[in-house]
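Enquirer: The following file, protein.txt, comprises compact mmCIF, C-alpha atoms and all ligand atoms:
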```txt
# COMPACT_ATOMS: atom_id res chain seq x y z
CA MET A 1 5.81 -17.01 -27.59
CA LYS A 2 2.96 -18.67 -25.75
CA ASN A 3 0.56 -16.45 -23.84
CA ASN A 4 0.99 -18.24 -20.57
CA GLU A 5 4.77 -18.12 -20.65
CA PRO A 6 6.16 -16.56 -17.46
CA SER A 7 7.39 -12.98 -17.48
CA PRO A 8 11.12 -12.69 -18.26
CA LEU A 9 11.51 -10.49 -15.16
CA PRO A 10 11.69 -11.69 -11.55
CA SER A 11 8.58 -10.51 -9.71
CA ASN A 12 10.41 -7.90 -7.60
CA GLU A 13 12.20 -6.34 -10.59
CA SER A 14 10.88 -3.19 -12.29
CA ALA A 15 10.25 -3.29 -16.03
CA VAL A 16 11.14 0.40 -16.18
CA LEU A 17 14.76 1.29 -16.82
CA HIS A 18 15.33 3.64 -13.90
CA ARG A 19 18.34 5.86 -13.40
CA SER A 20 19.68 3.54 -10.72
CA LEU A 21 19.73 -0.19 -11.27
CA LYS A 22 20.52 -0.73 -7.59
CA SER A 23 17.58 0.94 -5.90
CA LEU A 24 13.96 1.55 -6.80
CA PRO A 25 12.32 4.97 -6.60
CA HIS A 26 9.40 5.43 -4.24
CA ASN A 27 5.91 4.75 -5.52
CA VAL A 28 3.53 7.68 -5.21
CA THR A 29 -0.09 6.61 -4.84
CA SER A 30 -1.72 10.03 -4.59
CA ALA A 31 -0.82 13.71 -4.51
CA SER A 32 -2.65 16.77 -3.34
CA GLY A 33 -1.57 20.35 -2.70
CA SER A 34 2.03 20.36 -1.48
CA TYR A 35 1.91 16.69 -0.42
CA LEU A 36 2.67 13.32 -1.99
CA THR A 37 1.47 10.03 -0.46
CA LEU A 38 3.71 6.99 -0.92
CA ASP A 39 2.57 3.37 -1.16
CA ASN A 40 4.04 2.74 2.30
CA GLY A 41 1.57 5.29 3.66
CA CYS A 42 4.13 8.08 4.25
CA LYS A 43 3.10 11.63 3.46
CA ILE A 44 5.88 13.71 1.92
CA LEU A 45 5.91 17.50 1.83
CA ASP A 46 7.06 18.21 -1.73
CA ALA A 47 9.41 21.15 -1.37
CA CYS A 48 10.96 20.76 -4.82
CA GLY A 49 8.02 19.78 -7.06
CA GLY A 50 10.05 17.15 -8.89
CA ALA A 51 12.56 19.36 -10.67
CA ALA A 52 10.75 22.59 -9.77
CA VAL A 53 7.83 21.80 -12.07
CA ALA A 54 4.93 21.96 -9.59
CA VAL A 55 3.85 25.59 -9.43
CA ILE A 56 0.22 25.28 -8.28
CA GLY A 57 0.65 22.10 -6.23
CA HIS A 58 -0.60 18.62 -7.04
CA GLY A 59 -4.03 17.25 -7.86
CA ASN A 60 -5.78 20.35 -9.16
CA ALA A 61 -9.44 19.84 -10.11
CA GLU A 62 -9.56 22.75 -12.58
CA VAL A 63 -6.59 21.34 -14.49
CA MET A 64 -8.26 17.94 -14.55
CA HIS A 65 -11.45 19.45 -15.98
CA ALA A 66 -9.48 21.37 -18.61
CA ALA A 67 -7.81 18.11 -19.70
CA VAL A 68 -11.13 16.26 -19.93
CA ALA A 69 -12.77 19.14 -21.83
CA GLN A 70 -9.87 19.14 -24.32
CA MET A 71 -10.25 15.37 -24.84
CA ARG A 72 -13.97 15.83 -25.49
CA GLU A 73 -13.74 18.80 -27.84
CA TYR A 74 -10.48 18.08 -29.57
CA THR A 75 -9.97 21.65 -30.75
CA THR A 76 -6.56 22.98 -31.73
CA SER A 77 -7.14 26.46 -30.35
CA ALA A 78 -5.47 25.65 -27.04
CA ALA A 79 -2.01 26.36 -28.51
CA GLU A 80 -3.06 29.80 -29.71
CA ARG A 81 -4.61 30.68 -26.35
CA LEU A 82 -1.58 29.38 -24.46
CA ALA A 83 0.87 31.35 -26.64
CA LYS A 84 -1.14 34.54 -26.08
CA CYS A 85 -1.24 33.87 -22.35
CA ILE A 86 2.55 33.39 -22.22
CA LEU A 87 3.23 36.62 -24.12
CA GLU A 88 0.79 38.73 -22.12
CA PRO A 89 2.62 40.54 -19.31
CA LEU A 90 1.29 40.27 -15.76
CA PRO A 91 -0.75 43.27 -14.61
CA SER A 92 1.74 43.68 -11.75
CA SER A 93 4.78 43.63 -14.04
CA THR A 94 6.86 46.72 -14.46
CA TYR A 95 8.32 45.15 -17.59
CA PHE A 96 5.51 45.43 -20.13
CA ASP A 97 7.61 45.53 -23.26
CA HIS A 98 9.62 42.34 -23.20
CA GLY A 99 9.77 42.44 -27.01
CA LEU A 100 8.86 38.76 -27.47
CA THR A 101 6.35 38.03 -30.19
CA LYS A 102 6.03 34.33 -31.12
CA VAL A 103 5.89 31.10 -29.15
CA TYR A 104 6.99 27.69 -30.46
CA LEU A 105 5.55 24.90 -28.31
CA VAL A 106 7.37 21.61 -27.82
CA GLY A 107 7.47 18.74 -25.36
CA SER A 108 10.59 19.31 -23.25
CA GLY A 109 13.17 21.88 -22.24
CA SER A 110 15.80 20.08 -24.29
CA GLU A 111 13.62 20.30 -27.38
CA ALA A 112 12.97 23.98 -26.71
CA ASN A 113 16.72 24.60 -26.51
CA ASP A 114 17.32 22.61 -29.70
CA ALA A 115 14.67 24.70 -31.40
CA ALA A 116 16.41 27.84 -30.12
CA LEU A 117 19.76 26.71 -31.56
CA LYS A 118 18.18 25.86 -34.91
CA CYS A 119 16.20 29.07 -35.01
CA ALA A 120 19.29 31.15 -34.25
CA LYS A 121 21.20 29.30 -36.99
CA GLN A 122 18.37 29.96 -39.45
CA TYR A 123 18.31 33.63 -38.44
CA TRP A 124 21.87 33.99 -39.78
CA PHE A 125 21.16 31.89 -42.84
CA GLU A 126 18.30 34.23 -43.76
CA GLN A 127 20.60 37.21 -43.21
CA GLY A 128 23.12 35.79 -45.67
CA GLU A 129 25.72 34.84 -43.07
CA PRO A 130 25.84 31.04 -43.24
CA GLN A 131 29.48 31.08 -42.10
CA ARG A 132 28.26 31.58 -38.53
CA LYS A 133 28.58 28.13 -37.00
CA VAL A 134 29.59 28.60 -33.38
CA TYR A 135 27.34 28.62 -30.35
CA VAL A 136 28.86 30.07 -27.22
CA THR A 137 27.47 28.81 -23.92
CA ARG A 138 28.20 29.80 -20.38
CA GLU A 139 29.11 26.32 -19.22
CA GLN A 140 32.62 26.85 -20.52
CA ALA A 141 32.95 30.18 -18.82
CA TYR A 142 31.70 28.70 -15.57
CA HIS A 143 33.81 25.56 -15.87
CA GLY A 144 35.90 25.24 -12.80
CA GLY A 145 34.79 28.52 -11.42
CA THR A 146 31.89 28.89 -9.08
CA ILE A 147 31.21 31.87 -6.89
CA GLY A 148 34.13 30.77 -4.73
CA ALA A 149 36.38 33.37 -3.21
CA MET A 150 35.98 35.79 -6.09
CA SER A 151 34.74 39.23 -5.32
CA ILE A 152 31.53 40.17 -7.07
CA SER A 153 32.97 42.81 -9.35
CA ALA A 154 35.94 40.68 -10.32
CA PHE A 155 33.51 37.92 -11.01
CA VAL A 156 31.56 40.11 -13.44
CA ASN A 157 34.66 41.32 -15.22
CA ARG A 158 36.25 37.92 -15.36
CA LEU A 159 33.20 36.24 -16.81
CA VAL A 160 32.39 38.91 -19.34
CA LEU A 161 36.04 39.07 -20.33
CA GLU A 162 36.04 35.31 -20.84
CA ILE A 163 33.07 35.54 -23.16
CA GLU A 164 34.73 38.33 -25.11
CA GLN A 165 37.86 36.20 -25.41
CA VAL A 166 35.82 33.28 -26.74
CA PHE A 167 34.14 35.56 -29.27
CA GLU A 168 37.57 36.79 -30.36
CA ARG A 169 39.05 33.30 -30.54
CA VAL A 170 36.30 31.80 -32.70
CA GLY A 171 35.62 35.09 -34.43
CA ALA A 172 32.53 37.12 -33.66
CA LYS A 173 31.56 36.86 -37.33
CA ASN A 174 31.38 33.08 -36.93
CA THR A 175 29.28 33.16 -33.80
CA ILE A 176 25.56 32.47 -33.91
CA SER A 177 24.42 33.02 -30.36
CA PHE A 178 25.28 33.15 -26.72
CA SER A 179 23.20 30.95 -24.39
CA GLY A 180 22.93 31.06 -20.63
CA GLU A 181 20.46 30.54 -17.82
CA SER A 182 19.17 33.86 -16.46
CA VAL A 183 19.46 32.28 -13.02
CA SER A 184 21.42 29.04 -12.91
CA GLY A 185 19.26 26.07 -12.03
CA ALA A 186 20.08 22.58 -10.88
CA ALA A 187 23.78 22.50 -11.75
CA LEU A 188 24.91 25.44 -9.65
CA GLY A 189 21.94 25.66 -7.29
CA SER A 190 19.88 28.78 -8.05
CA MET A 191 22.95 30.92 -8.52
CA LEU A 192 22.34 34.50 -9.57
CA ALA A 193 24.65 36.21 -11.99
CA PRO A 194 26.45 39.06 -10.27
CA GLN A 195 24.87 42.46 -10.66
CA GLY A 196 25.71 43.99 -14.01
CA TYR A 197 26.65 40.69 -15.63
CA TRP A 198 23.63 40.36 -17.93
CA PRO A 199 23.58 43.97 -19.13
CA ALA A 200 27.30 43.55 -19.94
CA VAL A 201 26.63 40.32 -21.85
CA ARG A 202 23.72 41.95 -23.71
CA ALA A 203 25.96 44.84 -24.70
CA LEU A 204 28.69 42.45 -25.82
CA CYS A 205 26.23 40.47 -27.97
CA ASP A 206 24.89 43.69 -29.49
CA LYS A 207 28.40 44.90 -30.23
CA HIS A 208 29.05 41.78 -32.31
CA GLY A 209 25.47 41.28 -33.56
CA ILE A 210 25.31 37.94 -31.75
CA LEU A 211 21.91 36.63 -30.64
CA LEU A 212 21.26 36.32 -26.92
CA HIS A 213 19.38 33.18 -25.89
CA LEU A 214 18.28 32.90 -22.28
CA ASP A 215 17.46 29.44 -20.99
CA GLU A 216 14.66 29.93 -18.47
CA VAL A 217 13.50 26.33 -18.52
CA MET A 218 13.96 26.11 -14.75
CA CYS A 219 14.08 29.70 -13.50
CA GLY A 220 11.26 31.07 -15.66
CA MET A 221 7.45 31.01 -15.36
CA GLY A 222 7.46 32.98 -12.13
CA ARG A 223 9.85 30.82 -10.13
CA THR A 224 12.12 33.75 -9.23
CA GLY A 225 9.26 36.11 -8.43
CA THR A 226 8.78 37.62 -11.90
CA TYR A 227 7.18 35.86 -14.87
CA PHE A 228 10.46 35.89 -16.79
CA ALA A 229 13.60 35.78 -14.67
CA PHE A 230 15.34 38.27 -17.01
CA GLU A 231 12.91 41.00 -15.95
CA GLN A 232 14.99 41.39 -12.80
CA GLU A 233 18.20 41.67 -14.80
CA GLY A 234 17.00 44.64 -16.83
CA ILE A 235 17.72 43.08 -20.22
CA LYS A 236 15.72 41.72 -23.15
CA PRO A 237 16.80 38.49 -24.85
CA ASP A 238 16.31 37.62 -28.52
CA ILE A 239 15.27 34.07 -27.73
CA VAL A 240 13.96 32.58 -24.47
CA THR A 241 13.25 28.97 -23.66
CA ILE A 242 10.80 28.00 -20.93
CA GLY A 243 9.63 24.65 -19.63
CA LYS A 244 9.33 23.04 -16.25
CA GLY A 245 6.75 25.33 -14.60
CA LEU A 246 4.81 25.90 -17.82
CA GLY A 247 2.72 22.75 -17.47
CA GLY A 248 2.95 22.72 -13.69
CA GLY A 249 4.07 19.10 -13.76
CA PHE A 250 0.72 18.00 -15.22
CA ALA A 251 1.89 17.88 -18.82
CA PRO A 252 5.22 17.65 -20.66
CA ILE A 253 5.35 21.02 -22.38
CA SER A 254 8.00 23.63 -23.07
CA ALA A 255 8.49 26.50 -25.44
CA MET A 256 10.89 28.63 -27.40
CA ILE A 257 9.94 32.29 -27.65
CA VAL A 258 11.48 34.74 -30.12
CA ASN A 259 11.48 38.48 -30.49
CA ASP A 260 10.72 40.67 -33.50
CA LYS A 261 14.33 40.80 -34.61
CA VAL A 262 14.52 37.02 -35.04
CA LEU A 263 11.04 36.81 -36.49
CA GLY A 264 11.74 39.66 -38.91
CA ALA A 265 14.72 37.84 -40.41
CA LEU A 266 12.61 34.71 -40.93
CA ARG A 267 9.80 36.76 -42.46
CA ARG A 268 12.08 38.59 -44.86
CA GLY A 269 13.76 35.31 -45.80
CA THR A 270 12.04 31.99 -46.37
CA SER A 271 9.02 32.95 -44.27
CA SER A 272 9.13 29.67 -42.41
CA PHE A 273 10.79 28.04 -39.45
CA ASN A 274 12.47 24.89 -40.63
CA HIS A 275 11.84 22.60 -37.71
CA GLY A 276 9.24 20.21 -36.36
CA HIS A 277 8.30 17.51 -33.89
CA THR A 278 5.51 14.93 -33.90
CA PHE A 279 4.13 16.15 -30.61
CA GLN A 280 4.77 19.86 -30.93
CA ALA A 281 1.98 22.10 -29.62
CA HIS A 282 0.16 18.96 -28.46
CA ALA A 283 -3.41 20.11 -27.87
CA MET A 284 -3.88 18.26 -24.59
CA CYS A 285 -0.61 19.55 -23.14
CA CYS A 286 -1.45 23.08 -24.29
CA ALA A 287 -4.90 22.94 -22.68
CA ILE A 288 -3.39 21.76 -19.41
CA ALA A 289 -0.62 24.39 -19.44
CA LEU A 290 -3.17 27.09 -20.30
CA GLN A 291 -5.24 26.18 -17.26
CA VAL A 292 -2.15 26.14 -15.04
CA GLN A 293 -1.09 29.58 -16.29
CA ARG A 294 -4.62 30.96 -15.91
CA ILE A 295 -4.60 29.86 -12.27
CA VAL A 296 -1.14 31.37 -11.77
CA LYS A 297 -2.40 34.70 -13.15
CA ARG A 298 -5.82 34.69 -11.50
CA GLN A 299 -4.41 33.90 -8.07
CA GLN A 300 -1.44 36.25 -8.56
CA LEU A 301 0.89 33.39 -7.76
CA VAL A 302 3.99 34.97 -9.28
CA GLU A 303 3.63 37.88 -6.88
CA ARG A 304 3.01 35.36 -4.12
CA CYS A 305 6.12 33.44 -5.18
CA ALA A 306 8.20 36.59 -4.66
CA GLU A 307 6.69 37.15 -1.20
CA MET A 308 6.97 33.54 -0.05
CA GLY A 309 10.47 33.42 -1.51
CA ASP A 310 11.56 36.23 0.81
CA LYS A 311 10.10 34.29 3.73
CA LEU A 312 11.86 31.09 2.69
CA ALA A 313 15.20 32.91 2.32
CA LYS A 314 14.81 34.44 5.77
CA LEU A 315 13.88 31.11 7.37
CA LEU A 316 16.89 29.40 5.75
CA ASP A 317 19.23 32.22 6.82
CA GLU A 318 17.99 31.97 10.39
CA ALA A 319 18.08 28.18 10.53
CA PHE A 320 21.61 27.88 9.14
CA HIS A 321 23.14 30.94 10.78
CA GLY A 322 26.60 29.98 12.00
CA ALA A 323 26.34 26.41 10.71
CA LYS A 324 29.89 25.25 10.19
CA HIS A 325 29.50 23.57 6.81
CA VAL A 326 27.11 25.98 5.16
CA ALA A 327 28.87 28.10 2.55
CA GLU A 328 25.93 30.08 1.28
CA ARG A 329 22.17 30.45 1.03
CA ARG A 330 21.26 31.91 -2.32
CA GLY A 331 18.45 32.31 -4.82
CA ARG A 332 15.48 34.39 -5.73
CA GLY A 333 11.77 33.79 -5.16
CA LEU A 334 10.86 30.18 -4.40
CA PHE A 335 14.14 29.08 -5.98
CA GLN A 336 16.54 28.86 -3.05
CA SER A 337 19.63 26.75 -2.43
CA VAL A 338 21.94 26.00 0.43
CA GLU A 339 25.53 25.19 -0.55
CA PHE A 340 27.64 23.04 1.74
CA MET A 341 31.41 22.88 2.13
CA LEU A 342 33.85 21.13 4.42
CA ASP A 343 35.30 24.54 5.26
CA PRO A 344 33.50 27.52 3.78
CA ARG A 345 36.19 29.97 5.02
CA THR A 346 38.86 28.37 2.85
CA LYS A 347 36.33 27.36 0.15
CA THR A 348 37.18 23.69 0.65
CA PRO A 349 34.40 21.47 -0.66
CA PHE A 350 33.56 18.02 0.68
CA SER A 351 35.23 15.23 -1.22
CA LYS A 352 32.96 13.76 -3.84
CA ASP A 353 32.63 10.32 -2.27
CA ILE A 354 31.08 11.79 0.90
CA GLU A 355 28.04 12.69 -1.24
CA PHE A 356 27.11 15.34 1.29
CA GLY A 357 24.30 16.91 -0.75
CA ALA A 358 22.73 13.54 -1.51
CA LYS A 359 22.99 12.56 2.18
CA ILE A 360 21.20 15.76 3.20
CA GLN A 361 18.47 15.11 0.64
CA LEU A 362 17.98 11.53 1.88
CA ALA A 363 17.94 12.55 5.54
CA THR A 364 15.44 15.32 4.75
CA PHE A 365 13.27 12.84 2.86
CA ASP A 366 13.32 10.50 5.87
CA LEU A 367 11.93 13.43 7.85
CA GLY A 368 9.08 13.70 5.35
CA VAL A 369 10.25 16.53 3.08
CA ALA A 370 11.47 16.27 -0.52
CA VAL A 371 14.23 18.66 -1.62
CA TYR A 372 16.41 18.53 -4.75
CA PRO A 373 20.06 17.51 -4.30
CA GLY A 374 22.90 18.86 -6.38
CA ALA A 375 26.52 17.81 -6.78
CA GLY A 376 29.43 19.20 -8.72
CA THR A 377 28.50 22.72 -7.66
CA VAL A 378 32.10 23.93 -7.57
CA ASP A 379 33.65 22.53 -10.74
CA GLY A 380 31.33 19.89 -12.14
CA VAL A 381 32.86 17.21 -9.89
CA VAL A 382 32.99 18.39 -6.29
CA GLY A 383 30.58 20.68 -4.51
CA ASP A 384 27.24 20.07 -2.77
CA HIS A 385 23.96 21.89 -2.48
CA VAL A 386 20.27 21.28 -2.05
CA LEU A 387 17.63 23.22 -3.91
CA VAL A 388 14.29 24.16 -2.35
CA ALA A 389 11.62 25.00 -4.93
CA PRO A 390 8.12 24.44 -3.53
CA PRO A 391 4.87 25.26 -5.35
CA TYR A 392 3.90 28.96 -5.39
CA THR A 393 0.86 27.93 -3.34
CA VAL A 394 3.04 26.74 -0.44
CA SER A 395 1.85 27.87 3.01
CA ASP A 396 3.88 29.59 5.76
CA GLU A 397 3.60 26.48 7.85
CA GLU A 398 4.87 24.27 5.03
CA LEU A 399 7.88 26.54 4.55
CA GLU A 400 8.64 26.33 8.26
CA LEU A 401 8.32 22.53 8.18
CA THR A 402 10.65 22.36 5.18
CA VAL A 403 13.37 24.47 6.76
CA LYS A 404 13.08 22.69 10.10
CA ALA A 405 13.46 19.30 8.42
CA LEU A 406 16.41 20.52 6.36
CA ARG A 407 18.22 21.85 9.42
CA LYS A 408 17.51 18.66 11.37
CA ALA A 409 18.77 16.56 8.47
CA TYR A 410 21.94 18.68 8.35
CA ASN A 411 22.52 18.06 12.05
CA GLU A 412 22.04 14.33 11.61
CA VAL A 413 24.37 14.09 8.61
CA VAL A 414 27.07 16.20 10.29
CA TRP A 415 26.74 14.16 13.46
CA VAL A 416 27.20 10.88 11.65
CA LEU A 417 30.16 12.21 9.64
CA PHE A 418 32.05 14.20 12.23
CA ARG A 419 30.53 13.51 15.65
CA ALA A 420 29.53 16.09 18.15
CA GLN A 421 32.61 18.33 18.19
CA ASP A 422 31.71 19.70 14.78
CA LEU A 423 28.18 20.68 15.59
CA LYS A 424 27.66 24.35 16.17
CA LEU A 425 24.01 24.29 17.13
C1 LIG B 1 15.60 20.93 -17.02
C2 LIG B 1 16.32 21.90 -17.83
C3 LIG B 1 16.49 21.72 -19.20
C4 LIG B 1 16.04 20.49 -19.92
O1 LIG B 1 14.67 20.34 -19.87
P1 LIG B 1 14.03 18.89 -20.10
O2 LIG B 1 12.55 19.15 -20.07
O3 LIG B 1 14.49 18.02 -18.98
O4 LIG B 1 14.49 18.42 -21.42
C5 LIG B 1 17.13 22.72 -19.92
N1 LIG B 1 17.58 23.82 -19.32
C6 LIG B 1 17.44 24.02 -17.99
C7 LIG B 1 17.95 25.27 -17.38
C8 LIG B 1 16.82 23.06 -17.20
O5 LIG B 1 16.71 23.24 -15.88
```
Reformat the file's structure so that it appears as structure tokens.
Ligand SMILES: *Cc1c(COP(=O)(O)O)cnc(C)c1O

Expert:
Amino acid sequence: MKNNEPSPLPSNESAVLHRSLKSLPHNVTSASGSYLTLDNGCKILDACGGAAVAVIGHGNAEVMHAAVAQMREYTTSAAERLAKCILEPLPSSTYFDHGLTKVYLVGSGSEANDAALKCAKQYWFEQGEPQRKVYVTREQAYHGGTIGAMSISAFVNRLVLEIEQVFERVGAKNTISFSGESVSGAALGSMLAPQGYWPAVRALCDKHGILLHLDEVMCGMGRTGTYFAFEQEGIKPDIVTIGKGLGGGFAPISAMIVNDKVLGALRRGTSSFNHGHTFQAHAMCCAIALQVQRIVKRQQLVERCAEMGDKLAKLLDEAFHGAKHVAERRGRGLFQSVEFMLDPRTKTPFSKDIEFGAKIQLATFDLGVAVYPGAGTVDGVVGDHVLVAPPYTVSDEELELTVKALRKAYNEVVWVLFRAQDLKL
């Protein structure tokens, strides 16, 4: 190929394979605090931090310095310091003994979960039970059943019963672990488990000796108002995975954390963890995440997240009070969602092709605020929600702006779809 040969792409075509081949994502030219600036000059209030990754806002000078210092020094101690920082409870926590003892650092939430599955498998291998081959996850139990019309207590019983039935069907002696999100993230829209659900699941796992793995990739790192989301459920997992907020959006970094029980089995057995990635515990990513977490702790941002979360919930409740197509506002901390339905009284969702959630997100974006859309809330196909997950540093005014824009966007979308008679303002 000659050097001066023209590019194979037309000049207006992106060389990046984006999710959509029909439309291009916006170009961000700068970011600072809670705001992004686009190449068309628009300033966007980032009320979802990508996928809830931004915890201290954008463009932080201390994080930048930490990255540069790491590049200069090239030490490998950042991983050790980060792991210690993750395991150290917050001074404000009432949950000092979480029982977690070792941190395995990787590059994404998916990798952290893979590591968790492998580690749980190895745990049983070391214990002389290699016949255990089944992983039970909550997706199946939730399949087709969202909060819907079910009463809370029935919901608990039904779900826990379903898990027990799965254990019985595959055989508890063949089961490696049970995995679930402490607080459901993007798929269901910050949906809490009903009260008593997690203690019941913990008891069920203990009864059968099955490991409990909590996926806190989205809901962890303070997002729900406590460092680990499980602290508010009153249980202790055997394995936890964290991600998104760990690097604050500045670095791709995630982790799997294990307790003494898991570690003990590895120690007594082969004394190794049989797993690895090229970029695991990447020093630069660790240094960045360490600085992010130091800021979170120093500025007591987890505590702030709980406080601001209460404010956000209240603002959303007020703004959407009586709104005809709003089924529920739910969440914890700065992890709040609004679920939409055609008729919330009869639990009738919008049909999928209306793309209600996506329309709300687009209309909100046009008003200068980024929120995270979700579809398939009800059964994986239908159902609409938007998730609001701003940085823990978000101001009162920014929360008010976010909720105002969201409500205005809702009005606009409902107006276009159903005209004035449907608007209960
Ligand atoms: C985002 C997410 C993952 C996957 O993390 P990636 O970094 O995208 O691989 C796993 N679990 C939950 C709950 C998530 O929200």

Enquirer: Determine, using only C-alpha atoms and all ligand atoms, which residues of chain A have any atom at most 10 Å from an atom of ligand LIG 1 (chain B), and tabulate each with its shortest atom pair and distance in Å to one decimal place, rows ordered by chain and then rising number, as CSV.

Expert:
```
residue,atom,partner,partner_atom,distance
A:Ala51,CA,B:LIG1,C1,7.2
A:Ala52,CA,B:LIG1,O5,8.6
A:Val53,CA,B:LIG1,C1,9.3
A:Val106,CA,B:LIG1,O2,9.6
A:Gly107,CA,B:LIG1,O2,7.3
A:Ser108,CA,B:LIG1,O2,3.7
A:Gly109,CA,B:LIG1,O1,3.2
A:Ser110,CA,B:LIG1,O4,3.6
A:Glu111,CA,B:LIG1,O4,6.3
A:Ala112,CA,B:LIG1,O4,7.8
A:Asn113,CA,B:LIG1,C5,6.9
A:Asp114,CA,B:LIG1,O4,9.7
A:Gly180,CA,B:LIG1,C7,8.3
A:Glu181,CA,B:LIG1,C7,5.9
A:Ser182,CA,B:LIG1,C7,8.7
A:Val183,CA,B:LIG1,C7,8.4
A:Ser184,CA,B:LIG1,C7,6.8
A:Gly185,CA,B:LIG1,O5,5.4
A:Ala186,CA,B:LIG1,O5,6.1
A:Ala187,CA,B:LIG1,O5,8.2
A:Leu214,CA,B:LIG1,C7,9.1
A:Asp215,CA,B:LIG1,C7,5.5
A:Glu216,CA,B:LIG1,C7,5.8
A:Val217,CA,B:LIG1,C6,4.6
A:Met218,CA,B:LIG1,O5,4.1
A:Cys219,CA,B:LIG1,C7,7.0
A:Gly220,CA,B:LIG1,C7,9.0
A:Thr241,CA,B:LIG1,N1,8.0
A:Ile242,CA,B:LIG1,N1,8.1
A:Gly243,CA,B:LIG1,O2,6.2
A:Lys244,CA,B:LIG1,O2,6.3
A:Pro252,CA,B:LIG1,O2,7.5
A:Ile253,CA,B:LIG1,O2,7.8
A:Ser254,CA,B:LIG1,O2,7.1
A:Ala255,CA,B:LIG1,O2,10.0
```

Enquirer: Which residues, written as a PyMOL selection string, have at least one atom at most 7 Å from A:Ala78, with only C-alpha atoms counted and residues fewer than 6 positions away on the same chain left out?

Expert: chain A and resi 283+286-287

Enquirer: Taking all atoms listed in the file into account, name the residue in A:Thr94, A:Gln293, A:Gln300, A:Ser23 that is nearest to A:Met221.

Expert: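 Under the stated criterion, the closest residue is A:Gln293.
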
Enquirer: What is the distance between atom CA of A:Glu13 and atom CA of A:Ala375, in Å to one decimal?

Expert: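 Distance reported for this atom pair: 28.3 Å.
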
Enquirer: Go ahead and compute the interatomic distance for atom CA of A:Phe350 and atom CA of A:His385, in Å to one decimal.

Expert: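 Atom CA of A:His385 lies 10.8 Å from atom CA of A:Phe350.
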
Enquirer: Just the number, please: distance in Å from atom CA of A:Arg407 to atom CA of A:Ser337, one decimal.

Expert: 12.9 Å

Enquirer: Pick the closest to A:Phe356 from A:Ala115, A:Leu417, A:Ala120, A:Leu159: which is it, counting all atoms listed in the file?

Expert: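 Between A:Ala115, A:Leu417, A:Ala120, A:Leu159, the residue approaching A:Phe356 most closely is A:Leu417.
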
Enquirer: Just checking: using all atoms listed in the file, which residue out of A:Gly225, A:Gly189, A:Gly247, A:Gly234 ends up closest to A:Thr377?

Expert: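 Smallest distance to A:Thr377 is found for A:Gly189.
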
Enquirer: Which of these residues is nearest to A:Gly33, using only C-alpha atoms: A:Phe365, A:Tyr392, A:Trp124, A:Tyr410?

Expert: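 Residue with the minimum atom-to-atom distance to A:Gly33: A:Tyr392.
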
Enquirer: Can you pull out the residues contacting A:Tyr95? Cut-off 10 Å, using all atoms listed in the file, and skip same-chain residues under 3 positions away; I want them as number ranges by chain.

Expert: A: 89-92, 98-99, 226-228, 230-232, 234-236

Enquirer: Smallest atom-to-atom distance to A:Val378: which of A:Leu204, A:Tyr197, A:Leu188, A:Lys297, using all atoms listed in the file?

Expert: A:Leu188

Enquirer: Pick out the residues sitting within 7 Å of A:Lys359, and hand them over as a list of chain:residue names; count all atoms listed in the file, and ignore anything fewer than 4 positions along from it in its own chain.

Expert: A:Glu355, A:Ala363, A:Val413

Enquirer: Let me see the file: selected residues, C-alpha atoms, as a PDB file, in the coordinates of the input.

Expert:
```pdb
ATOM      1  CA  GLU A 355      28.040  12.690  -1.240  1.00  0.00           C
ATOM      2  CA  ALA A 363      17.940  12.550   5.540  1.00  0.00           C
ATOM      3  CA  VAL A 413      24.370  14.090   8.610  1.00  0.00           C
TER       4      VAL A 413
END
```

Enquirer: Measuring between only C-alpha atoms, which one of A:Leu266, A:Leu406, A:Leu399, A:Val134 shows the shortest distance to A:Leu362?

Expert: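 The closest residue to A:Leu362 is A:Leu406.
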
Enquirer: Which polymer residues, protein or nucleic acid, are no farther than 10 Å from (10.7, 22.9, -40.1), counting only C-alpha atoms, as a ChimeraX atom specification?

Expert: /A:115,118-119,272-277

Enquirer: Include C-alpha atoms and write out the residues we just selected as a short mmCIF file (atom, residue, chain, number, x, y, z; two decimals), in the coordinates of the input.

Expert:
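Contents of again_16.cif, freshly written:
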```
data_model
loop_
_atom_site.label_atom_id
_atom_site.label_comp_id
_atom_site.auth_asym_id
_atom_site.auth_seq_id
_atom_site.Cartn_x
_atom_site.Cartn_y
_atom_site.Cartn_z
CA ALA A 115 14.67 24.70 -31.40
CA LYS A 118 18.18 25.86 -34.91
CA CYS A 119 16.20 29.07 -35.01
CA SER A 272 9.13 29.67 -42.41
CA PHE A 273 10.79 28.04 -39.45
CA ASN A 274 12.47 24.89 -40.63
CA HIS A 275 11.84 22.60 -37.71
CA GLY A 276 9.24 20.21 -36.36
CA HIS A 277 8.30 17.51 -33.89
#
```

Enquirer: Which residues are close to A:Ala203, i.e. within 12 Å by all atoms listed in the file, leaving aside same-chain residues fewer than 2 positions away? Reply as a list in words.

Expert: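 The residues that qualify are Val160, Ile163, Glu164, Phe178, Gly196, Tyr197, Trp198, Pro199, Ala200, Val201, Cys205, Asp206, Lys207, His208, Gly209, Ile210, Leu211, Leu212, Gly234, Ile235, Lys236 and Pro237 of chain A.
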
Enquirer: Calculate, to one decimal in Å, the centre and edge lengths of the box along x, y and z of the file that holds all listed atoms of stretch 67-86 of chain A with 8 Å of margin on each side, and present them as lines of an AutoDock Vina configuration file.

Expert:
```
center_x = -5.7
center_y = 25.0
center_z = -25.7
size_x = 32.5
size_y = 35.2
size_z = 28.0
```
